[in-house]
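Asker: Quick one: the structure is below, and I'll ask about it shortly.
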Amino acid sequence: MAKAAKSAGETTGAAAETIETAVKTGTEALKVGFEKAVKNYDQMVGYGKETVEACVKSASVAGKGAETLHNEMYSYSKQSVEDSITAAKALFGTKSIQEAFELQSGFAKSVFEAYVGEMTKLSEIFVSTSKEALEPIQGRVQAWVDVVQKARAA
């Protein structure tokens, strides 16, 4: 009987040791997993914050560009109306049809040249604004790939 009690005690001790080892291993695995999760969460939060900042910066640049376009179109329109009024007054003051025709032809040519120049200017403003507005956002895709790869590697 003493032998059986001793054997039962050894079995109980071995089982307790096995359970203790399993608990320690499980606790360590849980701790490592939690630390990885927190680290990945911090990376995701950091990515989100940087993305919001990039979007705000992009929107700010786009707003300034839209304002510049608006001001340029307003100035052109105002000048165009003033030039038309001046040309109409000059046209009414002509003495002959030949003089009126030459005056109108010159005005049409100058209006067309001004229009082409203005469209070129507006296109340049639009292109530069687009480039500047997209610049902060362009790096965010690669940053997302980096965040995902770091999370997978961890």
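Ligands are numbered from 1 in the order shown, chains are lettered A, B, ... in the order of the structure tokens, and residues start at 1 in each chain.
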List as a list of chain:residue names the protein and nucleic acid residues near A:Val148, meaning an atom at most 12 Å away when only C-alpha atoms are counted, but skip any in the same chain fewer than 3 places from it.

Answerer: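 With the cut-off at 12 Å, the set is A:Asn40, A:Tyr41, A:Gln43, A:Met44, A:Tyr47, A:Val141, A:Gln142, A:Ala143, A:Trp144, A:Val145, A:Ala151, A:Arg152, A:Ala153, A:Ala154.
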
Asker: Using N, CA and C atoms, can you write the selected residues to a file as a PDB file, in the first residue's frame?

Answerer:
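Wrote part.pdb, looks like this:
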ATOM      1  N   ASN A  40       0.696  46.022 -33.172  1.00  0.00           N
ATOM      2  CA  ASN A  40      -0.005  46.157 -34.460  1.00  0.00           C
ATOM      3  C   ASN A  40      -1.099  47.215 -34.381  1.00  0.00           C
ATOM      4  N   TYR A  41      -1.789  47.265 -33.248  1.00  0.00           N
ATOM      5  CA  TYR A  41      -2.826  48.272 -33.055  1.00  0.00           C
ATOM      6  C   TYR A  41      -2.218  49.674 -33.092  1.00  0.00           C
ATOM      7  N   GLN A  43       0.502  50.556 -34.594  1.00  0.00           N
ATOM      8  CA  GLN A  43       0.885  50.845 -35.979  1.00  0.00           C
ATOM      9  C   GLN A  43      -0.332  51.271 -36.796  1.00  0.00           C
ATOM     10  N   MET A  44      -1.450  50.593 -36.599  1.00  0.00           N
ATOM     11  CA  MET A  44      -2.669  50.933 -37.338  1.00  0.00           C
ATOM     12  C   MET A  44      -3.163  52.334 -36.959  1.00  0.00           C
ATOM     13  N   TYR A  47      -0.858  54.810 -38.550  1.00  0.00           N
ATOM     14  CA  TYR A  47      -1.150  54.907 -39.979  1.00  0.00           C
ATOM     15  C   TYR A  47      -2.399  55.745 -40.205  1.00  0.00           C
ATOM     16  N   VAL A 141      -0.299  54.721 -49.750  1.00  0.00           N
ATOM     17  CA  VAL A 141      -0.498  53.345 -50.218  1.00  0.00           C
ATOM     18  C   VAL A 141       0.701  52.492 -49.814  1.00  0.00           C
ATOM     19  N   GLN A 142       1.904  52.994 -50.073  1.00  0.00           N
ATOM     20  CA  GLN A 142       3.099  52.248 -49.684  1.00  0.00           C
ATOM     21  C   GLN A 142       3.175  52.106 -48.166  1.00  0.00           C
ATOM     22  N   ALA A 143       2.761  53.113 -47.451  1.00  0.00           N
ATOM     23  CA  ALA A 143       2.759  53.031 -45.988  1.00  0.00           C
ATOM     24  C   ALA A 143       1.813  51.926 -45.520  1.00  0.00           C
ATOM     25  N   TRP A 144       0.672  51.772 -46.179  1.00  0.00           N
ATOM     26  CA  TRP A 144      -0.281  50.719 -45.826  1.00  0.00           C
ATOM     27  C   TRP A 144       0.329  49.342 -46.080  1.00  0.00           C
ATOM     28  N   VAL A 145       0.998  49.189 -47.213  1.00  0.00           N
ATOM     29  CA  VAL A 145       1.663  47.919 -47.515  1.00  0.00           C
ATOM     30  C   VAL A 145       2.699  47.605 -46.436  1.00  0.00           C
ATOM     31  N   ALA A 151       2.853  43.679 -39.760  1.00  0.00           N
ATOM     32  CA  ALA A 151       1.890  42.942 -38.934  1.00  0.00           C
ATOM     33  C   ALA A 151       1.977  41.442 -39.229  1.00  0.00           C
ATOM     34  N   ARG A 152       2.160  41.094 -40.482  1.00  0.00           N
ATOM     35  CA  ARG A 152       2.269  39.677 -40.855  1.00  0.00           C
ATOM     36  C   ARG A 152       3.567  39.068 -40.339  1.00  0.00           C
ATOM     37  N   ALA A 153       4.639  39.863 -40.360  1.00  0.00           N
ATOM     38  CA  ALA A 153       5.945  39.358 -39.926  1.00  0.00           C
ATOM     39  C   ALA A 153       6.013  39.200 -38.410  1.00  0.00           C
ATOM     40  N   ALA A 154       5.223  39.972 -37.700  1.00  0.00           N
ATOM     41  CA  ALA A 154       5.285  39.934 -36.233  1.00  0.00           C
ATOM     42  C   ALA A 154       4.653  38.711 -35.654  1.00  0.00           C
TER      43      ALA A 154
END

Asker: Give me the residues within 8 Å of stretch 82-89 of chain A as an mmCIF file with N, CA and C atoms, in the first residue's frame, counting only C-alpha atoms and dropping any in the same chain fewer than 6 places off.

Answerer:
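The resulting result20.cif:
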data_model
loop_
_atom_site.group_PDB
_atom_site.id
_atom_site.type_symbol
_atom_site.label_atom_id
_atom_site.label_comp_id
_atom_site.auth_asym_id
_atom_site.auth_seq_id
_atom_site.Cartn_x
_atom_site.Cartn_y
_atom_site.Cartn_z
ATOM 1 N N LEU A 103 -11.885 97.093 -87.240
ATOM 2 C CA LEU A 103 -11.917 97.182 -85.785
ATOM 3 C C LEU A 103 -12.461 95.884 -85.175
ATOM 4 N N GLN A 104 -13.542 95.365 -85.752
ATOM 5 C CA GLN A 104 -14.143 94.119 -85.253
ATOM 6 C C GLN A 104 -13.193 92.944 -85.460
ATOM 7 N N PHE A 107 -10.485 93.147 -82.891
ATOM 8 C CA PHE A 107 -11.032 92.785 -81.572
ATOM 9 C C PHE A 107 -11.205 91.269 -81.462
#

Asker: Just to confirm, what's the straight-line distance from atom CA of A:Ala66 to atom CA of A:Gly139 in Å (one decimal)?

Answerer: 23.2 Å

Asker: Would you work out the distance separating atom CA of A:Tyr76 from atom CA of A:Ala114, expressed in Å to one decimal?

Answerer: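 Taking atom CA of A:Tyr76 as the start and atom CA of A:Ala114 as the end point, the length is 8.8 Å.
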